[in-house]
>>> print(open('final-v5.txt').read())   # compact mmCIF, C-alpha atoms
# COMPACT_ATOMS: atom_id res chain seq x y z
CA MET J 13 0.00 0.00 0.00
CA GLU J 14 1.22 3.44 -0.76
CA ARG J 15 0.62 6.66 1.00
CA ASP J 16 -0.75 9.55 -0.94
CA THR J 17 2.32 11.42 -2.01
CA GLY J 18 0.35 14.31 -3.41
CA SER J 19 0.92 16.69 -0.54
CA ARG J 20 4.65 16.41 -1.07
CA GLN J 21 4.48 17.80 -4.54
CA GLN J 22 4.98 21.42 -3.61
CA ARG J 23 8.25 20.55 -1.96
CA LEU J 24 9.38 18.49 -4.89
CA LEU J 25 10.34 21.23 -7.32
CA PRO J 26 12.94 22.90 -5.04
CA LEU J 27 14.30 19.47 -4.15
CA THR J 28 14.66 18.62 -7.82
CA VAL J 29 16.52 21.85 -8.50
CA ALA J 30 18.76 21.22 -5.49
CA SER J 31 19.52 17.71 -6.76
CA LEU J 32 20.44 19.03 -10.17
CA ILE J 33 22.89 21.52 -8.68
CA LEU J 34 24.42 18.86 -6.44
CA PHE J 35 24.55 16.53 -9.41
CA VAL J 36 26.59 19.02 -11.43
CA ILE J 37 28.99 19.60 -8.53
CA ALA J 38 29.34 15.89 -7.87
CA ASN J 39 30.29 15.22 -11.45
CA SER J 40 32.59 18.12 -12.18
CA PHE J 41 34.96 17.83 -9.23
CA PRO J 42 37.25 14.95 -8.31
CA ILE J 43 35.74 12.47 -5.89
CA VAL J 44 38.94 11.45 -4.15
CA GLN J 45 42.62 12.08 -4.51
CA ILE J 46 45.32 9.63 -3.54
CA GLU J 47 48.91 10.42 -2.69
CA LEU J 48 51.56 7.78 -2.91
CA GLN J 49 55.20 8.67 -2.24
CA GLY J 50 54.94 12.12 -3.70
CA LEU J 51 52.87 11.08 -6.66
CA SER J 52 49.22 11.87 -6.72
CA SER J 53 46.24 10.83 -8.75
CA GLN J 54 42.62 11.87 -8.72
CA THR J 55 39.50 11.08 -10.63
CA THR J 56 36.00 12.23 -11.34
CA LEU J 57 33.20 9.80 -12.03
CA ILE J 58 33.40 10.46 -15.75
CA GLY J 59 37.18 10.03 -15.60
CA ALA J 60 36.72 6.55 -14.13
CA VAL J 61 34.24 5.70 -16.85
CA LYS J 62 36.69 6.87 -19.51
CA VAL J 63 39.52 4.76 -18.12
CA LEU J 64 37.23 1.71 -18.08
CA GLY J 65 36.27 2.44 -21.67
CA THR J 66 39.86 2.62 -22.87
CA GLU J 67 40.74 -0.63 -21.13
CA GLY J 68 38.32 -2.62 -23.24
CA MET J 69 35.66 -2.70 -20.56
CA SER J 70 33.29 -0.58 -22.60
CA LEU J 71 30.21 -2.54 -21.48
CA VAL J 72 31.02 -2.03 -17.82
CA ALA J 73 31.84 1.60 -18.57
CA LEU J 74 28.46 1.99 -20.22
CA LEU J 75 26.71 0.33 -17.28
CA VAL J 76 28.38 2.64 -14.78
CA LEU J 77 27.74 5.67 -16.97
CA ALA J 78 24.07 4.81 -17.33
CA THR J 79 23.32 3.94 -13.70
CA THR J 80 25.20 6.80 -12.05
CA ILE J 81 25.04 9.64 -14.56
CA LEU J 82 22.61 9.22 -17.43
CA PHE J 83 19.58 7.75 -15.68
CA PRO J 84 19.59 9.95 -12.57
CA LEU J 85 20.13 13.01 -14.77
CA LEU J 86 17.37 11.99 -17.14
CA GLN J 87 15.04 11.42 -14.23
CA LEU J 88 15.79 14.81 -12.70
CA LEU J 89 15.42 16.67 -15.99
CA VAL J 90 12.12 15.00 -16.80
CA LEU J 91 10.82 15.74 -13.34
CA LEU J 92 11.94 19.36 -13.59
CA TYR J 93 10.17 19.74 -16.92
CA LEU J 94 6.98 18.16 -15.61
CA LEU J 95 6.91 20.17 -12.40
CA LEU J 96 7.70 23.60 -13.81
CA PRO J 97 4.45 25.51 -14.06
CA THR J 98 3.39 26.23 -17.61
CA ALA J 99 0.38 27.64 -19.40
CA HIS J 100 -0.42 24.17 -20.69
CA GLY J 101 -1.32 22.99 -17.23
CA VAL J 102 -1.29 19.22 -17.09
CA ASN J 103 -1.40 18.55 -20.81
CA ARG J 104 2.07 19.73 -21.67
CA PRO J 105 3.61 18.23 -24.77
CA GLY J 106 5.20 14.82 -24.39
CA ILE J 107 3.97 14.23 -20.85
CA ARG J 108 2.90 10.65 -21.54
CA THR J 109 6.16 9.56 -23.12
CA LEU J 110 8.20 11.34 -20.46
CA LEU J 111 6.25 9.84 -17.58
CA ARG J 112 6.73 6.38 -19.03
CA VAL J 113 10.43 7.00 -19.54
CA MET J 114 10.67 8.13 -15.95
CA GLN J 115 8.96 5.03 -14.62
CA MET J 116 11.16 2.84 -16.75
CA VAL J 117 14.38 4.53 -15.68
CA ARG J 118 13.51 4.72 -11.99
CA PRO J 119 14.93 1.38 -10.78
CA TRP J 120 18.16 1.88 -12.72
CA GLY J 121 19.44 5.01 -11.04
CA MET J 122 21.95 3.86 -8.44
CA VAL J 123 23.59 6.92 -6.94
CA GLU J 124 23.22 5.63 -3.38
CA VAL J 125 24.86 2.34 -4.26
CA PHE J 126 27.67 4.25 -5.90
CA LEU J 127 28.22 6.27 -2.74
CA LEU J 128 28.65 3.09 -0.74
CA GLY J 129 31.02 1.90 -3.45
CA VAL J 130 33.12 5.05 -3.03
CA LEU J 131 33.35 4.46 0.71
CA VAL J 132 34.43 0.86 0.22
CA ALA J 133 37.03 1.95 -2.33
CA VAL J 134 38.36 4.65 0.00
CA VAL J 135 38.82 2.18 2.85
CA LYS J 136 40.46 -0.26 0.48
CA LEU J 137 42.97 2.37 -0.65
CA SER J 138 43.67 3.86 2.73
CA ASN J 139 46.02 0.99 3.53
CA MET J 140 48.02 1.64 0.41
CA ALA J 141 48.07 5.41 0.04
CA THR J 142 46.94 8.68 1.57
CA VAL J 143 43.37 9.34 0.56
CA ILE J 144 42.02 12.89 0.44
CA PRO J 145 38.27 13.13 -0.05
CA GLY J 146 37.27 15.66 -2.69
CA VAL J 147 34.40 18.11 -2.96
CA ALA J 148 32.44 15.71 -5.11
CA LEU J 149 32.37 13.10 -2.35
CA TRP J 150 30.42 15.43 -0.08
CA ALA J 151 28.26 16.48 -2.99
CA PHE J 152 27.49 12.83 -3.68
CA GLY J 153 26.57 12.30 -0.04
CA ALA J 154 24.17 15.22 -0.10
CA LEU J 155 22.84 14.20 -3.50
CA THR J 156 22.01 10.74 -2.19
CA ILE J 157 19.91 12.19 0.62
CA VAL J 158 18.05 14.69 -1.57
CA LEU J 159 17.59 12.19 -4.37
CA THR J 160 16.01 9.68 -1.99
CA ALA J 161 13.33 12.24 -1.23
CA VAL J 162 12.85 13.06 -4.90
CA VAL J 163 12.69 9.48 -6.09
CA SER J 164 10.22 8.44 -3.40
CA PHE J 165 7.71 10.60 -5.24
CA ASN J 166 5.45 8.29 -7.18
CA PRO J 167 4.90 9.34 -10.82
CA ARG J 168 1.47 7.81 -10.46
CA TYR J 169 0.40 11.09 -8.93
CA LEU J 170 1.10 12.89 -12.20
CA TRP J 171 -0.80 10.23 -14.08
CA ARG J 172 -3.68 10.85 -11.79
CA SER J 173 -3.70 14.53 -12.64
CA LEU J 174 -4.11 13.42 -16.25
CA VAL J 175 -7.14 11.36 -15.26
CA ILE J 176 -8.64 14.34 -13.50
CA ALA J 177 -7.98 16.59 -16.48
CA ARG J 178 -9.64 14.06 -18.72
CA MET J 179 -12.71 13.86 -16.54
CA GLU J 180 -13.01 17.59 -16.38
CA ASP J 181 -12.84 17.82 -20.13
CA ALA J 182 -15.63 15.33 -20.40
CA GLY J 183 -17.76 16.79 -17.65
CA PRO J 184 -19.57 20.10 -17.42
CA VAL J 185 -16.55 21.91 -16.04
CA LYS J 186 -14.59 23.18 -18.98
CA ASP J 187 -11.53 25.37 -19.04
CA GLY J 188 -11.30 25.18 -15.31
CA GLU J 189 -8.15 25.94 -13.46
CA PRO J 190 -5.29 23.65 -14.40
CA VAL J 191 -5.28 20.85 -11.87
CA ARG J 192 -1.89 19.59 -10.85
CA MET G 8 -2.02 25.65 -8.96
CA SER G 9 -1.55 23.48 -5.96
CA ALA G 10 -4.85 21.73 -5.85
CA ASP G 11 -5.44 19.81 -2.69
CA THR G 12 -5.91 16.24 -3.75
CA HIS G 13 -7.88 15.33 -0.71
CA SER G 14 -10.71 17.65 -1.61
CA LEU G 15 -11.24 15.87 -4.90
CA PRO G 16 -13.90 13.20 -5.06
CA ASP G 17 -12.46 9.90 -4.03
CA SER G 18 -14.29 8.05 -6.70
CA SER G 19 -12.03 9.38 -9.40
CA PHE G 20 -9.30 7.01 -8.30
CA PRO G 21 -10.98 3.68 -7.98
CA GLY G 22 -7.84 1.70 -7.20
CA GLU G 23 -6.55 3.91 -4.51
CA SER G 24 -9.74 4.96 -2.82
CA ALA G 25 -10.84 1.37 -2.49
CA ALA G 26 -7.63 0.64 -0.66
CA HIS G 27 -8.89 2.45 2.36
CA ALA G 28 -12.31 0.89 2.26
CA ALA G 29 -11.18 -2.69 1.90
CA PRO G 30 -9.70 -4.51 4.84
CA ALA G 31 -6.27 -5.71 3.86
CA LEU G 32 -6.76 -9.33 4.71
CA GLU G 33 -10.15 -10.69 3.93
CA PRO G 34 -10.63 -14.10 2.42
CA ALA G 35 -12.63 -14.77 -0.72
CA VAL G 36 -12.26 -11.55 -2.63
CA SER G 37 -13.18 -11.77 -6.24
CA SER G 38 -10.39 -11.12 -8.68
CA ALA G 39 -10.13 -8.32 -11.17
CA ILE G 40 -10.26 -10.87 -13.96
CA ALA G 41 -13.52 -12.29 -12.71
CA ALA G 42 -14.96 -8.81 -12.49
CA ASN G 43 -13.72 -8.04 -16.00
CA LEU G 44 -11.55 -5.21 -14.82
CA ARG G 45 -8.17 -4.32 -16.24
CA PRO G 46 -5.64 -2.17 -14.49
CA CYS G 47 -3.24 -0.17 -16.60
CA HIS G 48 0.25 -1.29 -15.59
CA HIS G 49 1.70 2.15 -16.21
CA CYS G 50 -0.61 4.72 -14.72
CA GLY G 51 -2.82 2.59 -12.49
CA THR G 52 -6.19 3.50 -13.99
CA VAL G 53 -8.67 0.64 -13.88
CA TRP G 54 -10.83 -0.05 -16.93
CA GLU G 55 -13.96 -2.10 -17.19
CA ASP G 56 -14.86 -4.41 -20.07
CA ALA G 57 -11.75 -3.57 -22.04
CA HIS G 58 -11.17 -5.79 -25.07
CA ASP G 59 -7.92 -7.56 -25.77
CA ASP G 60 -6.00 -4.99 -27.80
CA ALA G 61 -7.34 -2.04 -25.85
CA ARG G 62 -5.09 0.79 -24.88
CA CYS G 63 -5.33 2.82 -21.72
CA GLU G 64 -6.97 6.09 -22.61
CA VAL G 65 -5.03 8.04 -20.04
CA CYS G 66 -1.48 7.03 -20.89
CA HIS G 67 -2.02 5.21 -24.22
CA SER G 68 -0.18 2.06 -23.18
CA PRO G 69 -1.58 -1.38 -24.00
CA LEU G 70 -3.75 -2.97 -21.33
CA HIS G 71 -2.89 -6.42 -20.06
CA VAL G 72 -4.40 -8.57 -17.38
CA ARG G 73 -0.97 -9.92 -16.50
CA LYS G 74 2.45 -8.93 -17.72
CA ILE G 75 2.94 -10.48 -21.15
CA ASP G 76 4.78 -13.76 -21.22
CA SER G 77 5.92 -13.09 -17.70
CA LEU G 78 7.16 -16.53 -16.70
CA ASN G 79 8.99 -17.29 -19.94
CA ARG G 80 10.79 -13.98 -19.87
CA THR G 81 11.69 -14.37 -16.23
CA TRP G 82 13.07 -17.84 -16.94
CA ALA G 83 15.15 -16.61 -19.85
CA PHE G 84 16.76 -13.86 -17.78
CA LEU G 85 17.21 -16.21 -14.84
CA ILE G 86 18.98 -18.90 -16.83
CA ALA G 87 21.29 -16.31 -18.38
CA ALA G 88 22.00 -14.89 -14.92
CA CYS G 89 22.79 -18.34 -13.51
CA ILE G 90 25.27 -18.95 -16.31
CA MET G 91 26.98 -15.60 -15.80
CA TYR G 92 27.10 -16.16 -12.05
CA ILE G 93 29.85 -18.74 -12.47
CA PRO G 94 32.45 -16.55 -14.25
CA ALA G 95 31.38 -13.63 -12.07
CA ASN G 96 32.68 -15.47 -9.02
CA LEU G 97 35.62 -17.32 -10.52
CA MET G 98 37.21 -14.76 -12.82
CA PRO G 99 39.34 -11.93 -11.41
CA VAL G 100 37.48 -8.64 -10.98
CA MET G 101 40.61 -6.58 -10.78
CA THR G 102 44.37 -6.75 -11.17
CA THR G 103 46.63 -4.64 -9.00
CA THR G 104 50.08 -4.04 -10.46
CA THR G 105 52.69 -2.43 -8.22
CA LEU G 106 56.46 -2.11 -8.57
CA LEU G 107 57.02 -5.40 -6.85
CA ASP G 108 54.23 -7.70 -7.83
CA GLU G 109 50.97 -8.27 -9.56
CA GLN G 110 47.89 -9.41 -7.70
CA GLN G 111 44.60 -10.65 -9.03
CA ASP G 112 41.44 -10.37 -7.00
CA THR G 113 38.15 -12.16 -7.30
CA ILE G 114 35.02 -11.04 -5.50
CA MET G 115 35.65 -13.50 -2.67
CA SER G 116 39.33 -12.68 -2.23
CA GLY G 117 38.39 -9.00 -1.92
CA ILE G 118 36.07 -9.87 0.94
CA ILE G 119 38.70 -12.06 2.60
CA TYR G 120 41.22 -9.23 2.23
CA PHE G 121 38.95 -6.88 4.20
CA TRP G 122 38.37 -9.50 6.85
CA VAL G 123 42.07 -10.23 7.31
CA GLU G 124 42.95 -6.54 7.36
CA GLY G 125 40.62 -6.10 10.29
CA SER G 126 37.91 -3.98 8.66
CA TRP G 127 35.34 -6.67 9.23
CA GLU G 128 32.39 -4.26 9.03
CA LEU G 129 33.23 -3.61 5.40
CA ALA G 130 33.89 -7.28 4.82
CA ILE G 131 30.35 -8.00 5.98
CA VAL G 132 28.83 -5.22 3.85
CA VAL G 133 30.63 -6.39 0.73
CA PHE G 134 29.90 -10.04 1.51
CA ILE G 135 26.19 -9.30 1.78
CA ALA G 136 26.02 -7.01 -1.24
CA SER G 137 28.18 -8.98 -3.64
CA PHE G 138 27.76 -12.56 -2.58
CA LEU G 139 24.61 -13.13 -0.54
CA VAL G 140 22.28 -10.76 -2.41
CA PRO G 141 22.86 -12.16 -5.93
CA LEU G 142 22.63 -15.72 -4.63
CA PHE G 143 19.49 -14.92 -2.64
CA LYS G 144 17.93 -13.27 -5.69
CA LEU G 145 18.65 -16.19 -7.98
CA VAL G 146 17.29 -18.75 -5.53
CA SER G 147 14.19 -16.70 -4.65
CA LEU G 148 13.32 -15.98 -8.26
CA ILE G 149 13.67 -19.65 -9.14
CA ILE G 150 11.34 -20.55 -6.26
CA LEU G 151 8.88 -17.84 -7.32
CA THR G 152 8.77 -18.80 -10.98
CA VAL G 153 8.54 -22.54 -10.34
CA SER G 154 5.75 -22.16 -7.81
CA ALA G 155 3.90 -19.62 -9.98
CA ARG G 156 4.05 -21.93 -12.96
CA ARG G 157 2.64 -24.79 -10.90
CA ARG G 158 -0.04 -22.46 -9.57
CA SER G 159 0.98 -23.62 -6.15
CA SER G 160 -0.99 -22.38 -3.19
CA TRP G 161 1.96 -22.91 -0.90
CA GLN G 162 2.88 -19.95 1.36
CA ARG G 163 1.32 -17.34 -0.90
CA LEU G 164 1.71 -14.40 1.40
CA GLN G 165 5.31 -15.30 2.19
CA ARG G 166 6.07 -15.57 -1.51
CA ALA G 167 4.53 -12.19 -2.21
CA LYS G 168 6.66 -10.71 0.53
CA LEU G 169 9.71 -12.49 -0.82
CA TYR G 170 9.14 -10.85 -4.20
CA ARG G 171 9.02 -7.41 -2.63
CA VAL G 172 12.28 -8.08 -0.80
CA VAL G 173 13.94 -9.25 -4.03
CA GLU G 174 12.75 -6.12 -5.82
CA SER G 175 14.12 -3.77 -3.21
CA ILE G 176 17.54 -5.29 -2.56
CA GLY G 177 18.49 -6.06 -6.16
CA ARG G 178 20.29 -2.84 -6.95
CA TRP G 179 22.72 -3.09 -4.05
CA SER G 180 24.72 -5.89 -5.58
CA MET G 181 25.99 -3.32 -8.06
CA LEU G 182 28.36 -2.24 -5.27
CA ASP G 183 31.38 -4.19 -6.42
CA VAL G 184 31.09 -2.93 -9.97
CA PHE G 185 31.28 0.64 -8.71
CA VAL G 186 34.18 -0.11 -6.37
CA VAL G 187 36.22 -1.64 -9.15
CA SER G 188 35.37 1.17 -11.60
CA LEU G 189 36.42 3.82 -9.14
CA LEU G 190 39.65 2.05 -8.20
CA THR G 191 40.49 1.59 -11.85
CA GLY G 192 39.93 5.25 -12.56
CA LEU G 193 41.83 6.39 -9.51
CA VAL G 194 44.88 4.21 -9.27
CA GLN G 195 46.62 5.01 -12.52
CA ILE G 196 50.08 6.05 -11.37
CA GLU G 197 52.24 4.95 -14.25
CA GLY G 198 54.98 2.53 -13.37
CA PHE G 199 54.14 2.70 -9.71
CA ALA G 200 50.75 1.32 -9.06
CA LYS G 201 48.00 0.51 -11.48
CA ILE G 202 44.67 -1.19 -11.10
CA THR G 203 42.91 -2.66 -14.07
CA ALA G 204 39.42 -4.09 -14.17
CA GLY G 205 39.13 -7.81 -14.86
CA ILE G 206 36.64 -9.70 -16.95
CA GLY G 207 34.87 -10.83 -13.76
CA VAL G 208 33.40 -7.36 -13.35
CA ALA G 209 31.67 -7.55 -16.70
CA ALA G 210 30.21 -10.93 -15.77
CA PHE G 211 29.20 -9.68 -12.35
CA GLY G 212 27.56 -6.58 -13.76
CA SER G 213 25.61 -8.70 -16.19
CA VAL G 214 24.37 -10.94 -13.34
CA VAL G 215 23.05 -7.86 -11.54
CA VAL G 216 21.36 -6.48 -14.66
CA LEU G 217 19.92 -9.86 -15.65
CA THR G 218 18.48 -10.57 -12.21
CA MET G 219 16.97 -7.09 -12.12
CA LEU G 220 15.39 -7.69 -15.51
CA ALA G 221 14.15 -11.07 -14.33
CA SER G 222 12.48 -9.66 -11.24
CA MET G 223 10.94 -6.85 -13.31
CA SER G 224 9.43 -9.22 -15.82
CA PHE G 225 7.97 -11.42 -13.10
CA ASP G 226 4.36 -10.57 -12.39
CA PRO G 227 3.68 -10.93 -8.65
CA ARG G 228 -0.03 -11.33 -9.39
CA LEU G 229 0.77 -14.78 -10.76
CA ILE G 230 1.47 -15.84 -7.19
CA TRP G 231 -2.22 -15.48 -6.41
CA ASP G 232 -3.57 -17.02 -9.58
CA GLN G 233 -5.25 -20.34 -9.12
CA ASP G 234 -6.08 -23.22 -11.37
CA GLU G 235 -8.57 -23.17 -14.21
CA ASP G 236 -10.39 -19.92 -14.65
CA ARG G 237 -8.45 -18.31 -11.82
CA GLU G 238 -11.74 -17.60 -10.17
CA GLU G 239 -10.67 -16.88 -6.65
CA GLN G 240 -7.71 -14.91 -5.57
CA GLY G 241 -6.05 -14.18 -2.34
CA PRO G 242 -5.71 -10.77 -0.79
CA ASP G 243 -3.57 -9.22 -3.46
CA GLU G 244 -2.91 -5.51 -3.67
CA ASN G 245 -4.51 -5.53 -7.05
CA THR G 246 -7.74 -7.15 -6.09
CA ARG G 247 -10.04 -5.11 -4.05
CA PRO G 248 -13.74 -5.38 -3.59
CA SER G 249 -16.02 -2.38 -3.90
CA GLN G 250 -14.19 -1.07 -6.91
CA HIS G 251 -17.08 -1.56 -9.25
CA ALA G 252 -19.32 1.23 -8.10
CA ASP G 253 -16.52 3.74 -8.30
CA LEU G 254 -15.50 2.45 -11.63
CA GLN G 255 -18.88 2.62 -13.24
CA GLU G 256 -19.10 6.17 -12.13
CA GLN G 257 -15.84 6.92 -13.83
CA GLN G 258 -16.87 5.11 -16.95
CA LYS G 259 -20.08 7.07 -17.06
CA LYS G 260 -18.18 10.30 -16.79
CA ASP G 261 -15.75 9.11 -19.43
CA SER G 262 -18.44 8.31 -21.92
CA GLU G 263 -20.08 11.65 -21.54
>>> encode(input="final-v5.txt", output="structure tokens")
Amino acid sequence: MERDTGSRQQRLLPLTVASLILFVIANSFPIVQIELQGLSSQTTLIGAVKVLGTEGMSLVALLVLATTILFPLLQLLVLLYLLLPTAHGVNRPGIRTLLRVMQMVRPWGMVEVFLLGVLVAVVKLSNMATVIPGVALWAFGALTIVLTAVVSFNPRYLWRSLVIARMEDAGPVKDGEPVR
Amino acid sequence: MSADTHSLPDSSFPGESAAHAAPALEPAVSSAIAANLRPCHHCGTVWEDAHDDARCEVCHSPLHVRKIDSLNRTWAFLIAACIMYIPANLMPVMTTTTLLDEQQDTIMSGIIYFWVEGSWELAIVVFIASFLVPLFKLVSLIILTVSARRRSSWQRLQRAKLYRVVESIGRWSMLDVFVVSLLTGLVQIEGFAKITAGIGVAAFGSVVVLTMLASMSFDPRLIWDQDEDREEQGPDENTRPSQHADLQEQQKKDSE
């Protein structure tokens, strides 16, 4: 059974914007830096994907790229588009396709799993080298928390607003206020 | 703009409003099939008397009583996952090259390394996420598909719960794939220390993806389906009494 998530919707737009900002930070700064006898090395998430790709692990690279960057980003952008108020009200162009895409992509975004992966990797390396956590690590931590709140929103609520709009079109009430 | 959903008439959402009216566990509920109702698997709208190729009028997706070909698809993904499970555990997931030596790690040796090094909390986390969870998923999905195919009435509620557990824990076995990717990206100090990903990671990643696909294509409603015309069903989330009145109301409004 699911609780009615409708009342959370007002809070969802700012959370989505916050997630997008955190997402950009998390992906543009290095996650961790290691220092080993004077030599240092650091990586961003995309950097790690690139290295995997050049090593002939392109499928794994693609999997990591999709689950940690593409799908969460897609989900956030779709949600942002659907939540931004427009003159169209509920019936904005492409809403059906986008909602379906969002539902399809939902289980494949794995930012929180990735965060745990980073922590495991850091512990693994700390025996071997000095590990300095980067800005992106904190951004990822924050992103995980905010994203959990965003993702717990059930797209079914938006579908429901379509049902309502449909019924209002059919019924006596026409050109009423856009119901969201 | 921000319409309060609670002020809207409850009858517009047959599925969800009925949830409050119906007691969760009441024997002998009639199934949606018997009542000729079809839920849309995408948006949750319930339609009455829909014909076979009908599409949901809200979201335009095809209407099905059950997920199409659910058991066959689940089996296909499961068998593929079982095959990939073997190389995923035997092949090295990463190779560490330092000045002095070269070391290959499998999933298990990584866990043992943590344990020996004294960080047993991490050893347990990785052991659960990379070893127990995939194994648990494979075994549970096999149990679920076999019993659903036989229309078994054995432990229905437990099986339904098992499915929900499988659905929610599946993603966490991706952990090791991320660890290896990050280490590979990070430890690239030429001539000093270098970590490369092994073929085991690809196999392991495919096990995770395949089991996720398998659990997505499995239709938990099949757990409650019984022999013959599947007349009676157990207390499934999808079968609720007292939907009909609400639904007819909606249909009437729709046809207007």
>>> residues_around(input="final-v5.txt", residues="Leu95 in chain J", least_positions_apart="3", cutoff="8 Å", atoms="all atoms listed in the file", output="list of chain:residue names")
J:Leu25, J:Leu91, J:Leu92
>>> interface_residues(input="final-v5.txt", of="chain G", to="chain J", cutoff="6 Å", atoms="all atoms listed in the file", output="MDAnalysis selection string")
chainID G and resid 50 66 179 182 185:186 189 192:193 209 263
>>> residues_around(input="final-v5.txt", residues="Arg118 in chain J", least_positions_apart="5", cutoff="8 Å", atoms="only C-alpha atoms", output="ChimeraX atom specification")
/J:83,87,163
>>> residues_around(input="final-v5.txt", residues="range 100-105 of chain G", least_positions_apart="5", cutoff="6 Å", atoms="all atoms listed in the file", output="list in words")
Gln110, Gln111, Asp112, Thr113, Phe199, Ala200, Lys201, Ile202, Thr203, Ala204, Gly205, Gly207 and Val208 of chain G
>>> residues_around(input="final-v5.txt", residues="range 116-123 of chain G", least_positions_apart="4", cutoff="7 Å", atoms="all atoms listed in the file", output="ChimeraX atom specification")
/G:112,127,129-130,133-134
>>> write_last_selection(input="final-v5.txt", atoms="C-alpha atoms", output="mmCIF file, in the coordinates of the input")
data_model
loop_
_atom_site.group_PDB
_atom_site.id
_atom_site.type_symbol
_atom_site.label_atom_id
_atom_site.label_comp_id
_atom_site.auth_asym_id
_atom_site.auth_seq_id
_atom_site.Cartn_x
_atom_site.Cartn_y
_atom_site.Cartn_z
ATOM 1 C CA ASP G 112 41.440 -10.370 -7.000
ATOM 2 C CA TRP G 127 35.340 -6.670 9.230
ATOM 3 C CA LEU G 129 33.230 -3.610 5.400
ATOM 4 C CA ALA G 130 33.890 -7.280 4.820
ATOM 5 C CA VAL G 133 30.630 -6.390 0.730
ATOM 6 C CA PHE G 134 29.900 -10.040 1.510
#
>>> atom_distance(input="final-v5.txt", atom1="CA of Val173 in chain G", atom2="CA of Phe143 in chain G")
8.1 Å
>>> closest_residue(input="final-v5.txt", among="G:Ser137, G:Leu142, G:Thr218, G:Val194", to="Val143 in chain J", atoms="only C-alpha atoms")
G:Val194
>>> closest_residue(input="final-v5.txt", among="G:Asp226, G:Tyr92, G:Leu107, G:Val214", to="His48 in chain G", atoms="all atoms listed in the file")
G:Asp226
>>> decode(input="final-v5.txt", residues="range 163-205 of chain G", atoms="C-alpha atoms", output="PDB file, in the first residue's frame")
ATOM      1  CA  ARG G 163       1.324 -17.341  -0.904  1.00  0.00           C
ATOM      2  CA  LEU G 164       1.706 -14.402   1.404  1.00  0.00           C
ATOM      3  CA  GLN G 165       5.306 -15.303   2.188  1.00  0.00           C
ATOM      4  CA  ARG G 166       6.073 -15.572  -1.511  1.00  0.00           C
ATOM      5  CA  ALA G 167       4.526 -12.189  -2.209  1.00  0.00           C
ATOM      6  CA  LYS G 168       6.662 -10.715   0.532  1.00  0.00           C
ATOM      7  CA  LEU G 169       9.712 -12.493  -0.822  1.00  0.00           C
ATOM      8  CA  TYR G 170       9.139 -10.850  -4.196  1.00  0.00           C
ATOM      9  CA  ARG G 171       9.016  -7.411  -2.628  1.00  0.00           C
ATOM     10  CA  VAL G 172      12.282  -8.081  -0.803  1.00  0.00           C
ATOM     11  CA  VAL G 173      13.940  -9.248  -4.026  1.00  0.00           C
ATOM     12  CA  GLU G 174      12.749  -6.117  -5.823  1.00  0.00           C
ATOM     13  CA  SER G 175      14.122  -3.774  -3.207  1.00  0.00           C
ATOM     14  CA  ILE G 176      17.544  -5.293  -2.557  1.00  0.00           C
ATOM     15  CA  GLY G 177      18.490  -6.059  -6.165  1.00  0.00           C
ATOM     16  CA  ARG G 178      20.292  -2.837  -6.946  1.00  0.00           C
ATOM     17  CA  TRP G 179      22.715  -3.088  -4.048  1.00  0.00           C
ATOM     18  CA  SER G 180      24.724  -5.886  -5.581  1.00  0.00           C
ATOM     19  CA  MET G 181      25.994  -3.320  -8.063  1.00  0.00           C
ATOM     20  CA  LEU G 182      28.355  -2.243  -5.272  1.00  0.00           C
ATOM     21  CA  ASP G 183      31.383  -4.188  -6.421  1.00  0.00           C
ATOM     22  CA  VAL G 184      31.089  -2.931  -9.971  1.00  0.00           C
ATOM     23  CA  PHE G 185      31.276   0.635  -8.708  1.00  0.00           C
ATOM     24  CA  VAL G 186      34.177  -0.113  -6.369  1.00  0.00           C
ATOM     25  CA  VAL G 187      36.225  -1.635  -9.153  1.00  0.00           C
ATOM     26  CA  SER G 188      35.369   1.171 -11.598  1.00  0.00           C
ATOM     27  CA  LEU G 189      36.421   3.825  -9.141  1.00  0.00           C
ATOM     28  CA  LEU G 190      39.650   2.045  -8.200  1.00  0.00           C
ATOM     29  CA  THR G 191      40.491   1.588 -11.854  1.00  0.00           C
ATOM     30  CA  GLY G 192      39.930   5.246 -12.556  1.00  0.00           C
ATOM     31  CA  LEU G 193      41.828   6.389  -9.515  1.00  0.00           C
ATOM     32  CA  VAL G 194      44.877   4.205  -9.272  1.00  0.00           C
ATOM     33  CA  GLN G 195      46.618   5.014 -12.518  1.00  0.00           C
ATOM     34  CA  ILE G 196      50.080   6.050 -11.369  1.00  0.00           C
ATOM     35  CA  GLU G 197      52.237   4.948 -14.250  1.00  0.00           C
ATOM     36  CA  GLY G 198      54.980   2.529 -13.367  1.00  0.00           C
ATOM     37  CA  PHE G 199      54.145   2.700  -9.712  1.00  0.00           C
ATOM     38  CA  ALA G 200      50.750   1.317  -9.055  1.00  0.00           C
ATOM     39  CA  LYS G 201      47.998   0.508 -11.478  1.00  0.00           C
ATOM     40  CA  ILE G 202      44.666  -1.189 -11.096  1.00  0.00           C
ATOM     41  CA  THR G 203      42.909  -2.661 -14.072  1.00  0.00           C
ATOM     42  CA  ALA G 204      39.423  -4.092 -14.174  1.00  0.00           C
ATOM     43  CA  GLY G 205      39.132  -7.812 -14.865  1.00  0.00           C
TER      44      GLY G 205
END
